[in-house]
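Participant: This is the structure, below, for whatever I ask next.
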Amino acid sequence: MRILLTGGAGFLGSHLAERLLGDGHKVICMDNLITGKKENISHLPASGDFEFVKHDVSKFIMVDEKIDYVVHFASPASPEDYLKHPIKTLKVGSLGTHNALGVAKEHNAKFFLASTSEVYGDPLVNPQPETYWGNVNPVGPRGCYDEAKRFAEAITLAYHRAQGIDTRIARIFNTYGERMRHHDGRVVPNFIDQILKGEPLTVYGDGSQTRSFCYVSDLIEGVIRLMNSKINEPVNIGNPRELSVLEFAEKIKEVSGVDAEIIFKPLPVNDPRVRRPDIAKAKKELGWEPRVELEEGLKKTIDWVKNNPE
Ligand code: NAD
Ligand code: UDP
């Protein structure tokens with residue numbers, strides 16, 4: 001297939017581009033580099049199979065060659081990034097998704113949306129099944145991301161129902177691994193950066209809020225299986241092992257073998273209290289579940305950060 005991958009120069013997009021090329025597809029990576037970087041894809045072959053196009057997908061997208069799949073990963077994803085770029089985040093989730101659907105329709109291509117566990121907001125149900133409608137504050141600071149993705153899901157399914165576009169929607173839960181930006185503000189790169197510099201780990205709030213961390217290779221396998229499936233409605237992709245942020249700080253200390261002080265900072269507004277995917281649907285429909293233990297994934301990520309100083 002020839003695949004248009006938006007956001008392909010970001011953390012997840014670059015891993016997906018690598019996997020798609022490895023599977024024998026051609027990839028057009030379209031990215032405006034707002035939170036991604038060329039270095040993430042500089043190792044990919046500059047042959048006819050991989051092409052980089054610098055473009056803001058919130059503006060009209062045109063692709064001359066026939067494409068078979070549009071895979072839409074473009075969007076700031078770290079809370080620090082989307083709080084810095086709230087309007088661009090809303091635009092890429094709304095206008096960007098509309099444009100990506102438009103190019104899929106033009107080419108009679110399939111369409112894949114990278115959505116997020118943030119559509120569940122600060123969930124009142126734990127773990128979260130796909131049938132849960134969520135608890136989002138639309139006018140809070142995180143609303144720019146959560147509502148953009150909720151709109152993106154809505155317009156994706158509207159194009160499916162009204163125009164017959166063959167859609168897939170992955171609700172991605174916290175994913176970590178090689179090529180996360182050292183300073184993107186998310187908890188995994190923050191803690192790793194801090195521990196390697198001998199600085200205290202900054203736990204926000206009292207650290208009792210929970211997250212469930214999925215290693216990038218597991219996530220990519222889930223995405224590939226969903227791409228190849230026939231499921232048009234959302235599927236959760238994430239690791240159901242749930243830890244409090246305080247337990248996660250202890251885990252980083254254990255895996256890195258470095259003892260660090262833990263300091264407490266204010267909890268960001270509307271920071272979800274709990275988050276854990278119910279992956280029964282992915283297990284049943286895709287035969288997928290994560291394989292990489294947190295300890296192993298963290299070790300690989302820490303080694304990568306050590307070998308790739310910013
Ligand atoms: P990232 O910031 O590393 O990558 C996003 C990429 O999109 C960047 O390369 C950025 O430059 C590009 N981009 C943003 N706006 C664009 C625009 N208007 N036009 C073209 N390119 C644009 O983030 P990531 O962690 O790789 O996330 C990728 C996708 O997965 C996002 O859609 C995100 O919402 C989703 N997701 C990620 C996670 C996670 O834990 N990593 C969790 C849930 C959902
Ligand atoms: N967090 C933290 N210290 C940090 C960065 C984040 O305690 O240095 C917390 C944050 O408040 C949240 C969790 O870790 O409860 C995960 O945050 P992240 O930014 O990785 O992503 P989120 O899951 O909130 O989208």
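Labels for the structure tokens follow display order: chains A, B, ..., residues from 1 in each chain, ligands from 1.
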Check the DSSP output for the backbone and give back, as a PyMOL selection string, the residues of segment 46-179 of chain A in alpha helix (DSSP H).

Facilitator: chain A and resi 79-84+86-91+97-107+143-163

Participant: Can you pull out the residues contacting segment 162-168 of chain A? Cut-off 10 Å, using only C-alpha atoms, and skip same-chain residues under 6 positions away; I want them as a ChimeraX atom specification.

Facilitator: /A:69-71,101-102,104-105,108-115,153,156,223,226-235

Participant: Restricting the calculation to only C-alpha atoms and all ligand atoms: of A:Lys306, A:Arg275, A:Lys299, A:His72, which residue gets closest to ligand 1?

Facilitator: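 Using only C-alpha atoms and all ligand atoms, ligand 1 sits closest to A:His72.
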
Participant: Could you state the separation of atom CA of Asp31 of chain A and atom CA of Pro79 of chain A in Å, given to one decimal place?

Facilitator: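 Interatomic distance, atom CA of Asp31 of chain A to atom CA of Pro79 of chain A: 19.3 Å.
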
Participant: Using only C-alpha atoms and all ligand atoms, find each residue of chain A with at least one atom at most 7 Å away from an atom of ligand 1; report its shortest atom-to-atom pair and that distance in Å (one decimal), sort the rows by chain and rising residue number, and return the result as a Markdown table.

Facilitator:
| residue | atom | partner | partner_atom_place_in_ligand_line | distance |
| --- | --- | --- | --- | --- |
| A:Thr6 | CA | ligand 1 | 21 (N) | 5.9 |
| A:Gly7 | CA | ligand 1 | 7 (O) | 3.4 |
| A:Gly8 | CA | ligand 1 | 9 (O) | 5.8 |
| A:Ala9 | CA | ligand 1 | 9 (O) | 4.1 |
| A:Gly10 | CA | ligand 1 | 9 (O) | 3.2 |
| A:Phe11 | CA | ligand 1 | 26 (O) | 3.7 |
| A:Leu12 | CA | ligand 1 | 26 (O) | 3.7 |
| A:Gly13 | CA | ligand 1 | 26 (O) | 5.5 |
| A:Met30 | CA | ligand 1 | 20 (C) | 6.0 |
| A:Asp31 | CA | ligand 1 | 21 (N) | 3.5 |
| A:Asn32 | CA | ligand 1 | 20 (C) | 4.2 |
| A:Leu33 | CA | ligand 1 | 11 (O) | 3.4 |
| A:Ile34 | CA | ligand 1 | 11 (O) | 3.9 |
| A:Thr35 | CA | ligand 1 | 11 (O) | 4.0 |
| A:Gly36 | CA | ligand 1 | 9 (O) | 3.1 |
| A:Lys37 | CA | ligand 1 | 9 (O) | 6.2 |
| A:His55 | CA | ligand 1 | 20 (C) | 5.7 |
| A:Asp56 | CA | ligand 1 | 19 (N) | 3.5 |
| A:Val57 | CA | ligand 1 | 19 (N) | 4.0 |
| A:Ser58 | CA | ligand 1 | 18 (N) | 5.0 |
| A:Phe73 | CA | ligand 1 | 32 (O) | 4.1 |
| A:Ala74 | CA | ligand 1 | 7 (O) | 3.4 |
| A:Ser75 | CA | ligand 1 | 14 (C) | 3.8 |
| A:Pro76 | CA | ligand 1 | 2 (O) | 4.4 |
| A:Ala77 | CA | ligand 1 | 33 (C) | 4.4 |
| A:Ser78 | CA | ligand 1 | 2 (O) | 6.6 |
| A:Lys88 | CA | ligand 1 | 18 (N) | 6.6 |
| A:Thr89 | CA | ligand 1 | 15 (N) | 6.8 |
| A:Val92 | CA | ligand 1 | 18 (N) | 4.8 |
| A:Gly96 | CA | ligand 1 | 18 (N) | 6.4 |
| A:Ala114 | CA | ligand 1 | 32 (O) | 5.0 |
| A:Ser115 | CA | ligand 1 | 44 (C) | 5.4 |
| A:Thr116 | CA | ligand 1 | 43 (C) | 4.0 |
| A:Ser117 | CA | ligand 1 | 43 (C) | 6.0 |
| A:Arg171 | CA | ligand 1 | 43 (C) | 6.7 |
| A:Ile172 | CA | ligand 1 | 43 (C) | 4.2 |
| A:Phe173 | CA | ligand 1 | 42 (C) | 4.8 |
| A:Asn174 | CA | ligand 1 | 40 (O) | 3.6 |
| A:Thr175 | CA | ligand 1 | 40 (O) | 3.7 |
| A:Tyr176 | CA | ligand 1 | 40 (O) | 6.2 |
| A:Met180 | CA | ligand 1 | 3 (O) | 6.4 |

Participant: May I have the residues within 7 Å of ligand 2, computed using only C-alpha atoms and all ligand atoms, as a PDB file with C-alpha atoms, in the first residue's frame?

Facilitator:
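The resulting file, result-v8.pdb, is shown below:
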ATOM      1  CA  SER A  78       1.882  16.003  25.672  1.00  0.00           C
ATOM      2  CA  PRO A  79      -0.192  18.159  28.062  1.00  0.00           C
ATOM      3  CA  ASN A 174      -0.166   6.520  27.774  1.00  0.00           C
ATOM      4  CA  GLY A 185       6.807  17.376  29.788  1.00  0.00           C
ATOM      5  CA  ARG A 186       5.202  13.944  30.049  1.00  0.00           C
ATOM      6  CA  VAL A 187       5.877  11.940  33.183  1.00  0.00           C
ATOM      7  CA  VAL A 188       8.087   9.254  31.593  1.00  0.00           C
ATOM      8  CA  ASN A 190      10.524  13.961  32.901  1.00  0.00           C
ATOM      9  CA  PHE A 191      11.360  11.259  35.459  1.00  0.00           C
ATOM     10  CA  LEU A 201      11.587  13.453  40.738  1.00  0.00           C
ATOM     11  CA  THR A 202       8.707  15.927  40.451  1.00  0.00           C
ATOM     12  CA  VAL A 203       5.450  14.244  41.454  1.00  0.00           C
ATOM     13  CA  TYR A 204       2.400  16.399  40.755  1.00  0.00           C
ATOM     14  CA  GLY A 205      -0.270  16.432  43.478  1.00  0.00           C
ATOM     15  CA  GLY A 207       0.925  11.134  43.378  1.00  0.00           C
ATOM     16  CA  GLN A 209      -3.531   9.538  40.542  1.00  0.00           C
ATOM     17  CA  THR A 210      -3.039   6.475  38.341  1.00  0.00           C
ATOM     18  CA  ARG A 211      -1.826   5.794  34.801  1.00  0.00           C
ATOM     19  CA  VAL A 245       2.295   8.174  39.849  1.00  0.00           C
ATOM     20  CA  LEU A 267      -1.435  18.988  40.454  1.00  0.00           C
ATOM     21  CA  PRO A 268      -2.356  20.409  37.016  1.00  0.00           C
ATOM     22  CA  ASP A 271      -5.549  16.026  35.821  1.00  0.00           C
ATOM     23  CA  PRO A 272      -7.447  12.695  35.545  1.00  0.00           C
TER      24      PRO A 272
END

Participant: At a cut-off of 9 Å, using only C-alpha atoms, what residues contact Pro129 of chain A? Leave out same-chain residues fewer than 5 positions from it and give the result as a compact mmCIF listing (two decimals) with N, CA, C and O atoms, in the first residue's frame.

Facilitator:
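Output saved as result-v8.txt:
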# COMPACT_ATOMS: atom_id res chain seq x y z
N VAL A 235 -11.37 1.43 19.33
CA VAL A 235 -10.81 0.32 20.09
C VAL A 235 -9.71 0.88 21.01
O VAL A 235 -8.84 1.62 20.56
N ASN A 236 -9.77 0.52 22.30
CA ASN A 236 -8.71 0.92 23.24
C ASN A 236 -7.43 0.14 22.94
O ASN A 236 -7.48 -1.08 22.80
N PRO A 277 -6.95 1.14 30.67
CA PRO A 277 -7.80 0.66 29.57
C PRO A 277 -8.43 -0.68 29.88
O PRO A 277 -7.79 -1.56 30.44
N ASP A 278 -9.69 -0.83 29.48
CA ASP A 278 -10.30 -2.15 29.38
C ASP A 278 -9.98 -2.61 27.96
O ASP A 278 -10.43 -1.99 26.99
N ILE A 279 -9.17 -3.67 27.85
CA ILE A 279 -8.73 -4.08 26.50
C ILE A 279 -9.42 -5.36 26.02
O ILE A 279 -8.92 -6.04 25.12
N ALA A 280 -10.58 -5.65 26.62
CA ALA A 280 -11.29 -6.89 26.22
C ALA A 280 -11.59 -6.88 24.71
O ALA A 280 -11.47 -7.92 24.04
N LYS A 281 -11.95 -5.71 24.18
CA LYS A 281 -12.32 -5.65 22.75
C LYS A 281 -11.09 -5.93 21.87
O LYS A 281 -11.16 -6.72 20.92

Participant: Quick one: of A:Asp303, A:Glu296, A:Glu18, A:Glu242, who's nearest to Leu196 of chain A, counting only C-alpha atoms?

Facilitator: A:Asp303

Participant: Between atom CA of Val136 of chain A and atom CA of Cys214 of chain A, what is the distance, to one decimal in Å?

Facilitator: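 Those two atoms sit 22.8 Å apart.
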
Participant: Of the candidates A:Ala282, A:Ile28, A:Lys38, A:Asn270, which one gets nearest to Asp146 of chain A if we count only C-alpha atoms?

Facilitator: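 Of A:Ala282, A:Ile28, A:Lys38, A:Asn270, the one nearest Asp146 of chain A is A:Asn270, counting only C-alpha atoms.
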
Participant: Going by DSSP on the backbone, which residues of segment 46-287 of chain A come out as strand (DSSP E or B)? List them as a ChimeraX atom specification.

Facilitator: /A:50-54,69-72,110-116,121,128,135,167-172,175-176,201-204,210-212,214-215,234-237,242-244,262-265,277

Participant: Contacts of Phe50 of chain A at 10 Å or less, counting only C-alpha atoms, minus same-chain residues fewer than 2 places along, as a list in words?

Facilitator: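 In the requested format, the answer is Arg2, Ile3, Ala17, Glu18, Leu21, His25, Lys26, Val27, Ile28, Cys29, Ile41, Leu44, Pro45, Ala46, Ser47, Gly48 and Phe52 of chain A.
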
Participant: Convert the current residue selection to file output with C-alpha atoms, as a compact mmCIF listing (two decimals), in the first residue's frame.

Facilitator:
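Output file out36.txt is given in full below:
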# COMPACT_ATOMS: atom_id res chain seq x y z
CA ARG A 2 0.98 3.65 -0.35
CA ILE A 3 0.17 5.24 3.00
CA ALA A 17 6.60 4.69 9.70
CA GLU A 18 9.48 2.32 10.43
CA LEU A 21 8.22 0.38 5.66
CA HIS A 25 4.55 -0.41 2.28
CA LYS A 26 5.38 3.02 0.85
CA VAL A 27 5.02 5.89 3.31
CA ILE A 28 4.45 9.59 2.71
CA CYS A 29 5.17 11.26 6.03
CA ILE A 41 13.00 9.81 10.68
CA LEU A 44 14.60 5.85 7.29
CA PRO A 45 15.67 5.06 3.71
CA ALA A 46 15.52 8.06 1.42
CA SER A 47 14.52 5.69 -1.38
CA GLY A 48 11.28 5.86 -3.32
CA PHE A 52 8.83 13.48 3.86

Participant: So what do you get for atom CA of Ser208 of chain A versus atom CA of Lys283 of chain A, distance-wise?

Facilitator: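 About the pair atom CA of Ser208 of chain A and atom CA of Lys283 of chain A: they are 28.4 Å apart.
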
Participant: Which residue, A:Asp49, A:Asp64, A:Ala158, A:Leu83, has the smallest gap to Thr97 of chain A when you use only C-alpha atoms?

Facilitator: A:Ala158

Participant: May I have the residues within 12 Å of Asn307 of chain A as a list in words, using only C-alpha atoms and disregarding those fewer than 6 positions away in the same chain?

Facilitator: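 Listed by chain and then number, they are Glu178, Arg179, Leu196, Lys300 and Thr301 of chain A.
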
Participant: Asn126 of chain A: which residues within 7 Å, counting only C-alpha atoms, same-chain residues fewer than 2 positions away excluded, as a PyMOL selection string?

Facilitator: chain A and resi 123-124+128+275-276

Participant: Counting only C-alpha atoms, which residue out of A:Pro86, A:Gly177, A:Glu51, A:Asp193 sits closest to His15 of chain A?

Facilitator: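 Between A:Pro86, A:Gly177, A:Glu51, A:Asp193, the residue approaching His15 of chain A most closely is A:Gly177.
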